[in-house]
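Printed here is query.json (JSON, C-alpha atoms):
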[["chain", "number", "residue", "atom", "x", "y", "z"],
["U", 1, "MET", "CA", 31.57, 144.30, 150.37],
["U", 2, "THR", "CA", 28.69, 142.40, 148.80],
["U", 3, "THR", "CA", 29.17, 139.92, 145.98],
["U", 4, "GLN", "CA", 27.15, 142.17, 143.67],
["U", 5, "ARG", "CA", 29.41, 145.18, 144.37],
["U", 6, "ILE", "CA", 32.54, 143.06, 143.85],
["U", 7, "GLU", "CA", 31.26, 141.75, 140.52],
["U", 8, "THR", "CA", 30.31, 145.30, 139.47],
["U", 9, "ARG", "CA", 33.82, 146.54, 140.19],
["U", 10, "LEU", "CA", 35.36, 143.58, 138.40],
["U", 11, "ARG", "CA", 33.09, 144.10, 135.42],
["U", 12, "LYS", "CA", 34.15, 147.77, 135.08],
["U", 13, "SER", "CA", 37.82, 146.82, 134.84],
["U", 14, "SER", "CA", 37.48, 143.43, 133.16],
["U", 15, "THR", "CA", 38.08, 144.49, 129.58],
["U", 16, "SER", "CA", 41.51, 146.03, 130.19],
["U", 17, "ALA", "CA", 42.75, 143.94, 133.11],
["U", 18, "LEU", "CA", 41.60, 140.52, 131.99],
["U", 19, "THR", "CA", 42.77, 141.13, 128.46],
["U", 20, "ALA", "CA", 46.17, 142.30, 129.69],
["U", 21, "VAL", "CA", 46.60, 139.33, 131.99],
["U", 22, "VAL", "CA", 45.59, 136.77, 129.41],
["U", 23, "ALA", "CA", 47.57, 138.44, 126.64],
["U", 24, "LEU", "CA", 50.75, 138.41, 128.70],
["U", 25, "THR", "CA", 50.01, 134.88, 129.81],
["U", 26, "GLY", "CA", 49.62, 133.70, 126.23],
["U", 27, "LEU", "CA", 52.73, 135.55, 125.10],
["U", 28, "ALA", "CA", 54.82, 134.08, 127.89],
["U", 29, "LEU", "CA", 53.53, 130.58, 127.27],
["U", 30, "LEU", "CA", 54.22, 130.88, 123.60],
["U", 31, "THR", "CA", 57.77, 131.76, 124.50],
["U", 32, "ALA", "CA", 58.25, 129.23, 127.24],
["U", 33, "GLY", "CA", 58.41, 125.59, 128.18],
["U", 34, "THR", "CA", 58.43, 122.39, 130.23],
["U", 35, "PRO", "CA", 60.84, 120.05, 131.97],
["U", 36, "ALA", "CA", 62.00, 116.86, 130.31],
["U", 37, "ALA", "CA", 61.35, 115.35, 126.92],
["U", 38, "ALA", "CA", 57.97, 113.78, 126.32],
["U", 39, "ALA", "CA", 56.22, 110.98, 124.60],
["U", 40, "SER", "CA", 55.59, 110.31, 120.96],
["U", 41, "PRO", "CA", 55.76, 107.37, 118.60],
["U", 42, "SER", "CA", 59.57, 107.65, 118.42],
["U", 43, "PRO", "CA", 61.45, 105.87, 121.23],
["U", 44, "ARG", "CA", 64.64, 107.80, 120.57],
["U", 45, "VAL", "CA", 65.56, 111.48, 120.64],
["U", 46, "GLN", "CA", 66.47, 112.79, 117.22],
["U", 47, "PRO", "CA", 69.86, 114.47, 117.84],
["U", 48, "ALA", "CA", 69.66, 116.16, 114.46],
["U", 49, "ALA", "CA", 66.89, 118.42, 115.80],
["U", 50, "ALA", "CA", 69.05, 119.97, 118.50],
["U", 51, "GLN", "CA", 71.89, 120.39, 116.02],
["U", 52, "LEU", "CA", 69.60, 122.05, 113.50],
["U", 53, "VAL", "CA", 68.29, 124.55, 116.05],
["U", 54, "ALA", "CA", 71.76, 125.27, 117.42],
["U", 55, "ALA", "CA", 73.03, 125.93, 113.91],
["U", 56, "GLN", "CA", 70.40, 128.53, 113.10],
["U", 57, "SER", "CA", 71.76, 132.08, 112.92],
["U", 58, "ALA", "CA", 69.06, 134.00, 111.03],
["U", 59, "ALA", "CA", 66.45, 136.07, 112.87],
["U", 60, "ALA", "CA", 63.39, 134.05, 113.87],
["U", 61, "PRO", "CA", 60.15, 134.70, 111.97],
["U", 62, "THR", "CA", 57.40, 136.36, 113.98],
["U", 63, "ALA", "CA", 53.98, 134.77, 114.23],
["U", 64, "SER", "CA", 51.05, 137.05, 115.07],
["U", 65, "TYR", "CA", 48.20, 135.36, 116.95],
["U", 66, "ALA", "CA", 44.65, 136.67, 117.19],
["U", 67, "CYS", "CA", 43.30, 135.58, 120.60],
["U", 68, "ARG", "CA", 39.98, 135.57, 122.43],
["U", 69, "ALA", "CA", 39.53, 135.21, 126.20],
["U", 70, "ASP", "CA", 36.14, 133.85, 127.23],
["U", 71, "THR", "CA", 35.36, 135.27, 130.70],
["U", 72, "LYS", "CA", 32.29, 135.61, 132.92],
["U", 73, "PHE", "CA", 32.23, 139.27, 131.88],
["U", 74, "GLY", "CA", 32.19, 138.55, 128.18],
["U", 75, "LYS", "CA", 34.62, 137.77, 125.39],
["U", 76, "HIS", "CA", 37.73, 139.89, 124.96],
["U", 77, "THR", "CA", 39.95, 139.83, 121.88],
["U", 78, "PHE", "CA", 43.61, 140.78, 121.66],
["U", 79, "SER", "CA", 46.71, 139.93, 119.68],
["U", 80, "LEU", "CA", 50.16, 138.66, 120.58],
["U", 81, "LYS", "CA", 53.36, 138.07, 118.66],
["U", 82, "GLN", "CA", 55.90, 135.28, 119.01],
["U", 83, "GLY", "CA", 59.35, 134.60, 117.62],
["U", 84, "VAL", "CA", 59.74, 131.00, 116.44],
["U", 85, "ASN", "CA", 62.92, 129.19, 115.46],
["U", 86, "ALA", "CA", 62.55, 126.43, 112.87],
["U", 87, "LYS", "CA", 65.18, 124.55, 110.94],
["U", 88, "ALA", "CA", 65.03, 121.99, 108.14],
["U", 89, "PRO", "CA", 67.35, 120.84, 105.35],
["U", 90, "ALA", "CA", 67.31, 122.95, 102.18],
["U", 91, "THR", "CA", 66.85, 119.90, 99.94],
["U", 92, "VAL", "CA", 65.96, 116.21, 100.33],
["U", 93, "LYS", "CA", 65.47, 113.31, 97.96],
["U", 94, "ALA", "CA", 61.97, 112.09, 97.18],
["U", 95, "GLY", "CA", 60.98, 109.28, 99.53],
["U", 96, "SER", "CA", 63.78, 109.97, 102.02],
["U", 97, "GLY", "CA", 63.46, 110.80, 105.70],
["U", 98, "PHE", "CA", 64.40, 114.18, 107.17],
["U", 99, "THR", "CA", 63.97, 116.15, 110.42],
["U", 100, "ILE", "CA", 62.29, 119.48, 111.08],
["U", 101, "ALA", "CA", 62.96, 121.19, 114.43],
["U", 102, "VAL", "CA", 60.71, 123.92, 115.87],
["U", 103, "GLU", "CA", 61.74, 125.95, 118.92],
["U", 104, "LEU", "CA", 59.85, 128.68, 120.81],
["U", 105, "LYS", "CA", 61.79, 131.33, 122.70],
["U", 106, "PRO", "CA", 62.09, 131.11, 126.53],
["U", 107, "GLY", "CA", 60.06, 133.47, 128.67],
["U", 108, "SER", "CA", 58.30, 134.06, 131.98],
["U", 109, "LEU", "CA", 54.79, 134.71, 133.27],
["U", 110, "PRO", "CA", 53.97, 138.01, 134.99],
["U", 111, "ALA", "CA", 53.07, 137.76, 138.68],
["U", 112, "GLU", "CA", 50.61, 140.63, 138.53],
["U", 113, "VAL", "CA", 49.07, 142.88, 135.89],
["U", 114, "ARG", "CA", 47.14, 146.05, 136.76],
["U", 115, "GLY", "CA", 46.36, 144.89, 140.27],
["U", 116, "PHE", "CA", 45.25, 141.40, 139.25],
["U", 117, "LYS", "CA", 47.33, 138.47, 140.50],
["U", 118, "LEU", "CA", 48.06, 135.79, 137.96],
["U", 119, "LYS", "CA", 47.79, 132.55, 139.95],
["U", 120, "GLU", "CA", 48.64, 130.04, 137.26],
["U", 121, "VAL", "CA", 48.20, 128.78, 133.73],
["U", 122, "ARG", "CA", 46.94, 125.29, 132.90],
["U", 123, "ASP", "CA", 45.93, 123.09, 129.98],
["U", 124, "LEU", "CA", 48.03, 124.60, 127.22],
["U", 125, "THR", "CA", 47.85, 123.03, 123.77],
["U", 126, "LEU", "CA", 49.93, 124.08, 120.79],
["U", 127, "ARG", "CA", 49.15, 122.58, 117.38],
["U", 128, "ILE", "CA", 51.40, 122.37, 114.34],
["U", 129, "PRO", "CA", 50.26, 120.84, 111.03],
["U", 130, "VAL", "CA", 52.15, 118.02, 109.35],
["U", 131, "PRO", "CA", 53.58, 119.79, 106.27],
["U", 132, "ASN", "CA", 52.04, 119.06, 102.88],
["U", 133, "ASN", "CA", 53.98, 116.70, 100.61],
["U", 134, "THR", "CA", 55.23, 114.68, 103.61],
["U", 135, "TRP", "CA", 54.27, 111.69, 105.74],
["U", 136, "PHE", "CA", 54.69, 111.71, 109.51],
["U", 137, "ILE", "CA", 57.20, 109.13, 110.78],
["U", 138, "SER", "CA", 57.79, 110.09, 114.42],
["U", 139, "GLY", "CA", 58.03, 113.01, 116.79],
["U", 140, "ARG", "CA", 59.86, 113.94, 119.95],
["U", 141, "LEU", "CA", 60.03, 116.72, 122.53],
["U", 142, "ILE", "CA", 63.56, 117.66, 123.60],
["U", 143, "GLY", "CA", 64.50, 119.59, 126.74],
["U", 144, "GLY", "CA", 62.42, 122.38, 128.26],
["U", 145, "SER", "CA", 62.06, 123.46, 131.89],
["U", 146, "GLY", "CA", 59.80, 124.93, 134.57],
["U", 147, "LEU", "CA", 56.29, 123.86, 133.50],
["U", 148, "GLY", "CA", 55.17, 121.89, 136.53],
["U", 149, "SER", "CA", 54.38, 118.74, 134.57],
["U", 150, "THR", "CA", 55.75, 116.72, 131.68],
["U", 151, "PRO", "CA", 54.42, 117.77, 128.27],
["U", 152, "THR", "CA", 53.14, 115.18, 125.86],
["U", 153, "LEU", "CA", 53.18, 114.94, 122.08],
["U", 154, "GLU", "CA", 50.31, 113.57, 120.03],
["U", 155, "HIS", "CA", 49.89, 112.91, 116.33],
["U", 156, "SER", "CA", 46.49, 112.54, 114.70],
["U", 157, "GLY", "CA", 45.91, 112.81, 110.97],
["U", 158, "ARG", "CA", 47.73, 115.90, 109.72],
["U", 159, "VAL", "CA", 48.12, 117.59, 113.12],
["U", 160, "ILE", "CA", 50.84, 117.39, 115.79],
["U", 161, "THR", "CA", 49.78, 118.60, 119.26],
["U", 162, "ILE", "CA", 51.90, 119.55, 122.27],
["U", 163, "ARG", "CA", 49.90, 119.31, 125.52],
["U", 164, "LEU", "CA", 50.90, 120.77, 128.87],
["U", 165, "GLY", "CA", 48.72, 120.28, 131.94],
["U", 166, "GLY", "CA", 50.70, 122.59, 134.22],
["U", 167, "PRO", "CA", 50.17, 124.36, 136.46],
["U", 168, "VAL", "CA", 52.68, 127.08, 135.67],
["U", 169, "PRO", "CA", 52.62, 129.60, 138.56],
["U", 170, "GLY", "CA", 52.42, 133.31, 137.87],
["U", 171, "GLY", "CA", 55.82, 135.00, 138.05],
["U", 172, "SER", "CA", 57.76, 131.89, 137.04],
["U", 173, "ALA", "CA", 60.16, 131.32, 134.13],
["U", 174, "TYR", "CA", 60.03, 128.32, 131.85],
["U", 175, "GLN", "CA", 60.62, 127.06, 128.31],
["U", 176, "LEU", "CA", 58.76, 124.70, 126.06],
["U", 177, "PRO", "CA", 60.77, 121.81, 124.63],
["U", 178, "ILE", "CA", 62.06, 121.71, 121.09],
["U", 179, "LEU", "CA", 59.67, 119.88, 118.78],
["U", 180, "SER", "CA", 61.58, 117.41, 116.59],
["U", 181, "VAL", "CA", 59.56, 115.82, 113.78],
["U", 182, "ARG", "CA", 60.81, 113.07, 111.48],
["U", 183, "LEU", "CA", 59.09, 113.13, 108.07],
["U", 184, "LYS", "CA", 59.20, 111.23, 104.81],
["U", 185, "ALA", "CA", 59.47, 113.37, 101.69],
["U", 186, "GLY", "CA", 56.83, 113.06, 98.98],
["U", 187, "ALA", "CA", 57.15, 113.49, 95.24],
["U", 188, "SER", "CA", 60.06, 115.35, 93.67],
["U", 189, "GLY", "CA", 59.55, 118.91, 92.48],
["U", 190, "ARG", "CA", 57.49, 119.85, 95.55],
["U", 191, "VAL", "CA", 58.37, 122.26, 98.37],
["U", 192, "VAL", "CA", 57.77, 121.32, 102.00],
["U", 193, "LYS", "CA", 56.74, 124.33, 104.13],
["U", 194, "THR", "CA", 56.57, 124.39, 107.93],
["U", 195, "SER", "CA", 53.91, 126.65, 109.47],
["U", 196, "LEU", "CA", 51.63, 126.97, 112.50],
["U", 197, "LYS", "CA", 48.12, 125.58, 112.95],
["U", 198, "GLY", "CA", 44.86, 127.53, 113.18],
["U", 199, "THR", "CA", 42.48, 129.49, 110.98],
["U", 200, "SER", "CA", 39.90, 130.95, 113.42],
["U", 201, "PHE", "CA", 38.74, 131.00, 117.05],
["U", 202, "ASP", "CA", 36.78, 127.84, 116.23],
["U", 203, "ASP", "CA", 39.91, 126.26, 114.73],
["U", 204, "PRO", "CA", 42.62, 127.48, 117.14],
["U", 205, "GLY", "CA", 46.27, 126.58, 117.05],
["U", 206, "LEU", "CA", 46.90, 127.65, 120.65],
["U", 207, "THR", "CA", 44.63, 127.21, 123.66],
["U", 208, "LEU", "CA", 45.18, 127.66, 127.41],
["U", 209, "THR", "CA", 43.40, 128.51, 130.66],
["U", 210, "ALA", "CA", 44.58, 131.43, 132.82],
["U", 211, "ALA", "CA", 43.52, 131.73, 136.49],
["U", 212, "ILE", "CA", 43.62, 135.28, 137.85],
["U", 213, "LYS", "CA", 42.79, 136.50, 141.36],
["U", 214, "TRP", "CA", 41.29, 139.77, 142.63],
["U", 215, "LYS", "CA", 40.90, 139.93, 146.42],
["U", 216, "PHE", "CA", 39.11, 136.67, 147.27],
["U", 217, "ILE", "CA", 37.78, 135.92, 143.81],
["U", 218, "THR", "CA", 39.55, 133.66, 141.29],
["U", 219, "ILE", "CA", 38.51, 133.84, 137.65],
["U", 220, "LYS", "CA", 39.43, 131.18, 135.11],
["U", 221, "SER", "CA", 39.62, 132.40, 131.54],
["U", 222, "PRO", "CA", 39.80, 129.97, 128.60],
["U", 223, "VAL", "CA", 41.80, 131.44, 125.72],
["U", 224, "ALA", "CA", 41.77, 130.43, 122.05],
["U", 225, "CYS", "CA", 44.26, 131.80, 119.49],
["U", 226, "TYR", "CA", 45.02, 131.33, 115.81],
["U", 227, "PRO", "CA", 47.79, 132.84, 113.64],
["U", 228, "ASP", "CA", 46.39, 135.73, 111.61],
["U", 229, "THR", "CA", 49.90, 136.25, 110.29],
["U", 230, "ASN", "CA", 51.31, 132.79, 109.71],
["U", 231, "PRO", "CA", 54.87, 132.95, 108.36],
["U", 232, "THR", "CA", 56.56, 130.03, 106.65],
["U", 233, "LEU", "CA", 59.04, 128.78, 109.25],
["U", 234, "SER", "CA", 61.12, 126.60, 106.91],
["U", 235, "ARG", "CA", 61.26, 125.43, 103.27],
["U", 236, "THR", "CA", 62.64, 122.19, 101.94],
["U", 237, "GLN", "CA", 62.86, 121.39, 98.21],
["U", 238, "ILE", "CA", 62.16, 117.76, 97.30],
["U", 239, "ARG", "CA", 64.45, 116.64, 94.47]]

Would you mind writing the file out in C-alpha cells?
Amino acid sequence: MTTQRIETRLRKSSTSALTAVVALTGLALLTAGTPAAAASPSPRVQPAAAQLVAAQSAAAPTASYACRADTKFGKHTFSLKQGVNAKAPATVKAGSGFTIAVELKPGSLPAEVRGFKLKEVRDLTLRIPVPNNTWFISGRLIGGSGLGSTPTLEHSGRVITIRLGGPVPGGSAYQLPILSVRLKAGASGRVVKTSLKGTSFDDPGLTLTAAIKWKFITIKSPVACYPDTNPTLSRTQIR
C-alpha cells in the first residue's frame, strides 16, 4: 500500500479514532499517577496531606475539561470529566500555615481504541493555581505508581505544576501522587478557594502527548486542555 493511500485511509478515520484515543488517554491520565514522591522546595513530606485525603468522605467534585488534539490531520476537540479529591481545613487564623491536599482518582490507559493501538503517553503537565489570599510555602508529591518515571513539582509565581515525562505504556494502570501544598493564610475575613488552572487552549491547565499506532505508522498528538467547568475543590475561611 502506498504512503498516499495509507494517509488517505488514516485521514478518513482520524476525527473519530484520534479523538477517541486522545480523549481516553487524557481521561486516564487525569485519573492516574506515578511512582514515588517528587521534588519541591519542601524537604519533608507533609503527613497532614495524606490524613486530610484519607479523612474525606464526601463525593469528589467533577471537573470538565475542554481539550484539543493537534494532529497531522487537523485539530480535534473533545471533552473529558474527572473526579478530584481535595481537602483543606474549614478555618485558619490570619498569617498561619495550613495544608491543602489534592488527589486525582486512579485509572488506566486503554491498549487500543477503534483499531488504533495506543503506544504510550509522554510529557504530561498538570497545573494548579496558588489560591488567592495565600502565600506559597512549600509543596510535595506523595505516593503514586506506574508512570515510568518520577514526577516533579515546580512552583513559579502563582502556579504549581506537576510534570511527568513518562512514558506510560498503553494498557497500563497507574496513579498520580497526592499534591500536598503548604500555604500561609492572608488577611482575616477572606475565603481561600482551591481550583484548577486553565482558561483556554492557549492557557491550558493540562497538556500531554499521546503516541498512537496504525499498522506501521506512529502518530504523536499533542493535547491541550482547560477546565470549562471548574468547581471549587475546597474552601477555607481566614479568621

Handout entry: Å distance separating atom CA of Thr62 of chain U from atom CA of Lys197 of chain U, one decimal place
Key = 14.3 Å

Handout entry: Point-to-point distance in Å for atom CA of Gly115 of chain U and atom CA of Pro227 of chain U
Key =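 A separation of 29.3 Å between them.
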
Exercise for the section: Name all residues at most 9 Å from Pro231 of chain U (count only C-alpha atoms; drop same-chain ones fewer than 5 positions away) and give them as a ChimeraX atom specification. Expected result: /U:61-64,194-196

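Atom CA of Thr150 of chain U is found 21.5 Å from atom CA of Leu118 of chain U.
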
Practice task
Find the spatial neighbours of Leu153 of chain U, counting only C-alpha atoms, within a cut-off of 12 Å - ignore same-chain residues fewer than 2 positions away - and output them as number ranges by chain.
Solution key: U: 37-42, 125-128, 138-142, 150-151, 155-156, 159-164, 176-181

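Every protein, DNA or RNA residue with an atom at most 6 Å from segment 89-106 of chain U, where all atoms listed in the file count and chain neighbours fewer than 3 positions away do not, is listed here: Thr31, Ala32, Ala49, Val84, Asn85, Ala86, Gln175, Ile178, Leu179, Ser180, Val181, Arg182, Leu183, Lys184, Ala185, Gly186, Ala187, Ser188, Thr236, Gln237, Ile238 and Arg239 of chain U.
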
Exercise for the section: Measuring atom to atom with all atoms listed in the file, identify which of U:Gly107, U:Gly165, U:Gly143, U:Gly157 is nearest to Val130 of chain U. Expected result: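 Among U:Gly107, U:Gly165, U:Gly143, U:Gly157, it is U:Gly157 that comes nearest to Val130 of chain U.
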
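Considering all atoms listed in the file, the residue among U:Thr152, U:Thr77, U:Phe116, U:Cys67 positioned nearest to Ile217 of chain U is U:Phe116.
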
Once you add 4 Å to each side, what are the centre and edge lengths of the axis-aligned box holding all listed atoms of segment 111-122 of chain U? One decimal in Å, as JSON, if you can.
{"center_x": 49.2, "center_y": 135.7, "center_z": 136.7, "size_x": 15.8, "size_y": 28.8, "size_z": 15.6}

Practice task
Point out the residue among U:Arg158, U:Ser79, U:Asn230, U:Pro169 with the least atom-to-atom distance to Ile137 of chain U, counting only C-alpha atoms.
Solution key: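 Going through U:Arg158, U:Ser79, U:Asn230, U:Pro169 one by one, the smallest distance to Ile137 of chain U is for U:Arg158.
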
Handout entry: Nearest-residue call for Thr209 of chain U, choices U:Glu154, U:Tyr65, U:Thr71, U:Gly189, using all atoms listed in the file
Key = U:Thr71

Give me segment 170-206 of chain U with N, CA and C atoms filled in, as a compact mmCIF listing (two decimals), in the coordinates of the input.
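The resulting out-v6.txt:
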# COMPACT_ATOMS: atom_id res chain seq x y z
N GLY U 170 52.14 131.95 138.29
CA GLY U 170 52.42 133.31 137.87
C GLY U 170 53.77 133.77 138.42
N GLY U 171 54.52 134.50 137.63
CA GLY U 171 55.82 135.00 138.05
C GLY U 171 56.97 134.06 137.79
N SER U 172 56.70 132.87 137.24
CA SER U 172 57.76 131.89 137.04
C SER U 172 58.29 131.91 135.61
N ALA U 173 59.52 131.42 135.45
CA ALA U 173 60.16 131.32 134.13
C ALA U 173 60.14 129.87 133.68
N TYR U 174 60.09 129.68 132.38
CA TYR U 174 60.03 128.32 131.85
C TYR U 174 60.30 128.34 130.36
N GLN U 175 60.42 127.16 129.76
CA GLN U 175 60.62 127.06 128.31
C GLN U 175 60.03 125.77 127.78
N LEU U 176 59.29 125.88 126.71
CA LEU U 176 58.76 124.70 126.06
C LEU U 176 59.88 123.92 125.38
N PRO U 177 59.73 122.61 125.27
CA PRO U 177 60.77 121.81 124.63
C PRO U 177 60.82 122.05 123.13
N ILE U 178 61.94 121.70 122.54
CA ILE U 178 62.06 121.71 121.09
C ILE U 178 61.18 120.59 120.54
N LEU U 179 60.45 120.89 119.48
CA LEU U 179 59.67 119.88 118.78
C LEU U 179 60.49 119.35 117.61
N SER U 180 60.83 118.07 117.66
CA SER U 180 61.58 117.41 116.59
C SER U 180 60.64 116.45 115.87
N VAL U 181 60.48 116.64 114.57
CA VAL U 181 59.56 115.82 113.78
C VAL U 181 60.32 115.15 112.64
N ARG U 182 60.20 113.84 112.56
CA ARG U 182 60.81 113.07 111.48
C ARG U 182 59.74 112.83 110.42
N LEU U 183 60.05 113.22 109.17
CA LEU U 183 59.09 113.13 108.07
C LEU U 183 59.67 112.35 106.91
N LYS U 184 58.80 111.86 106.07
CA LYS U 184 59.20 111.23 104.81
C LYS U 184 58.78 112.14 103.67
N ALA U 185 59.73 112.46 102.80
CA ALA U 185 59.47 113.37 101.69
C ALA U 185 58.57 112.72 100.65
N GLY U 186 57.71 113.54 100.03
CA GLY U 186 56.83 113.06 98.98
C GLY U 186 57.48 113.14 97.62
N ALA U 187 56.69 113.49 96.62
CA ALA U 187 57.15 113.49 95.24
C ALA U 187 58.16 114.60 94.97
N SER U 188 59.06 114.35 94.03
CA SER U 188 60.06 115.35 93.67
C SER U 188 59.39 116.55 92.99
N GLY U 189 60.07 117.69 93.07
CA GLY U 189 59.55 118.91 92.48
C GLY U 189 58.65 119.70 93.42
N ARG U 190 58.35 119.17 94.58
CA ARG U 190 57.49 119.85 95.55
C ARG U 190 58.34 120.57 96.59
N VAL U 191 57.71 121.54 97.28
CA VAL U 191 58.37 122.26 98.37
C VAL U 191 57.62 121.98 99.67
N VAL U 192 58.35 121.57 100.68
CA VAL U 192 57.77 121.32 102.00
C VAL U 192 57.89 122.61 102.82
N LYS U 193 56.75 123.10 103.34
CA LYS U 193 56.74 124.33 104.13
C LYS U 193 56.24 124.04 105.54
N THR U 194 56.98 124.53 106.53
CA THR U 194 56.57 124.39 107.93
C THR U 194 55.84 125.66 108.36
N SER U 195 54.69 125.51 109.01
CA SER U 195 53.91 126.65 109.47
C SER U 195 53.20 126.28 110.77
N LEU U 196 52.39 127.20 111.28
CA LEU U 196 51.63 126.97 112.50
C LEU U 196 50.20 126.55 112.15
N LYS U 197 49.49 126.05 113.15
CA LYS U 197 48.12 125.58 112.95
C LYS U 197 47.12 126.63 113.41
N GLY U 198 45.95 126.67 112.74
CA GLY U 198 44.86 127.53 113.18
C GLY U 198 44.39 128.48 112.11
N THR U 199 43.06 128.59 111.97
CA THR U 199 42.48 129.49 110.98
C THR U 199 41.43 130.43 111.57
N SER U 200 40.94 130.13 112.80
CA SER U 200 39.90 130.95 113.42
C SER U 200 39.80 130.60 114.90
N PHE U 201 38.95 131.32 115.65
CA PHE U 201 38.74 131.00 117.05
C PHE U 201 38.08 129.63 117.22
N ASP U 202 37.38 129.18 116.19
CA ASP U 202 36.78 127.84 116.23
C ASP U 202 37.74 126.77 115.75
N ASP U 203 38.86 127.18 115.17
CA ASP U 203 39.91 126.26 114.73
C ASP U 203 41.24 126.80 115.23
N PRO U 204 41.43 126.83 116.57
CA PRO U 204 42.62 127.48 117.14
C PRO U 204 43.86 126.63 117.03
N GLY U 205 45.01 127.30 117.01
CA GLY U 205 46.27 126.58 117.05
C GLY U 205 46.89 126.61 118.43
N LEU U 206 46.41 127.52 119.28
CA LEU U 206 46.90 127.65 120.65
C LEU U 206 45.71 127.83 121.58
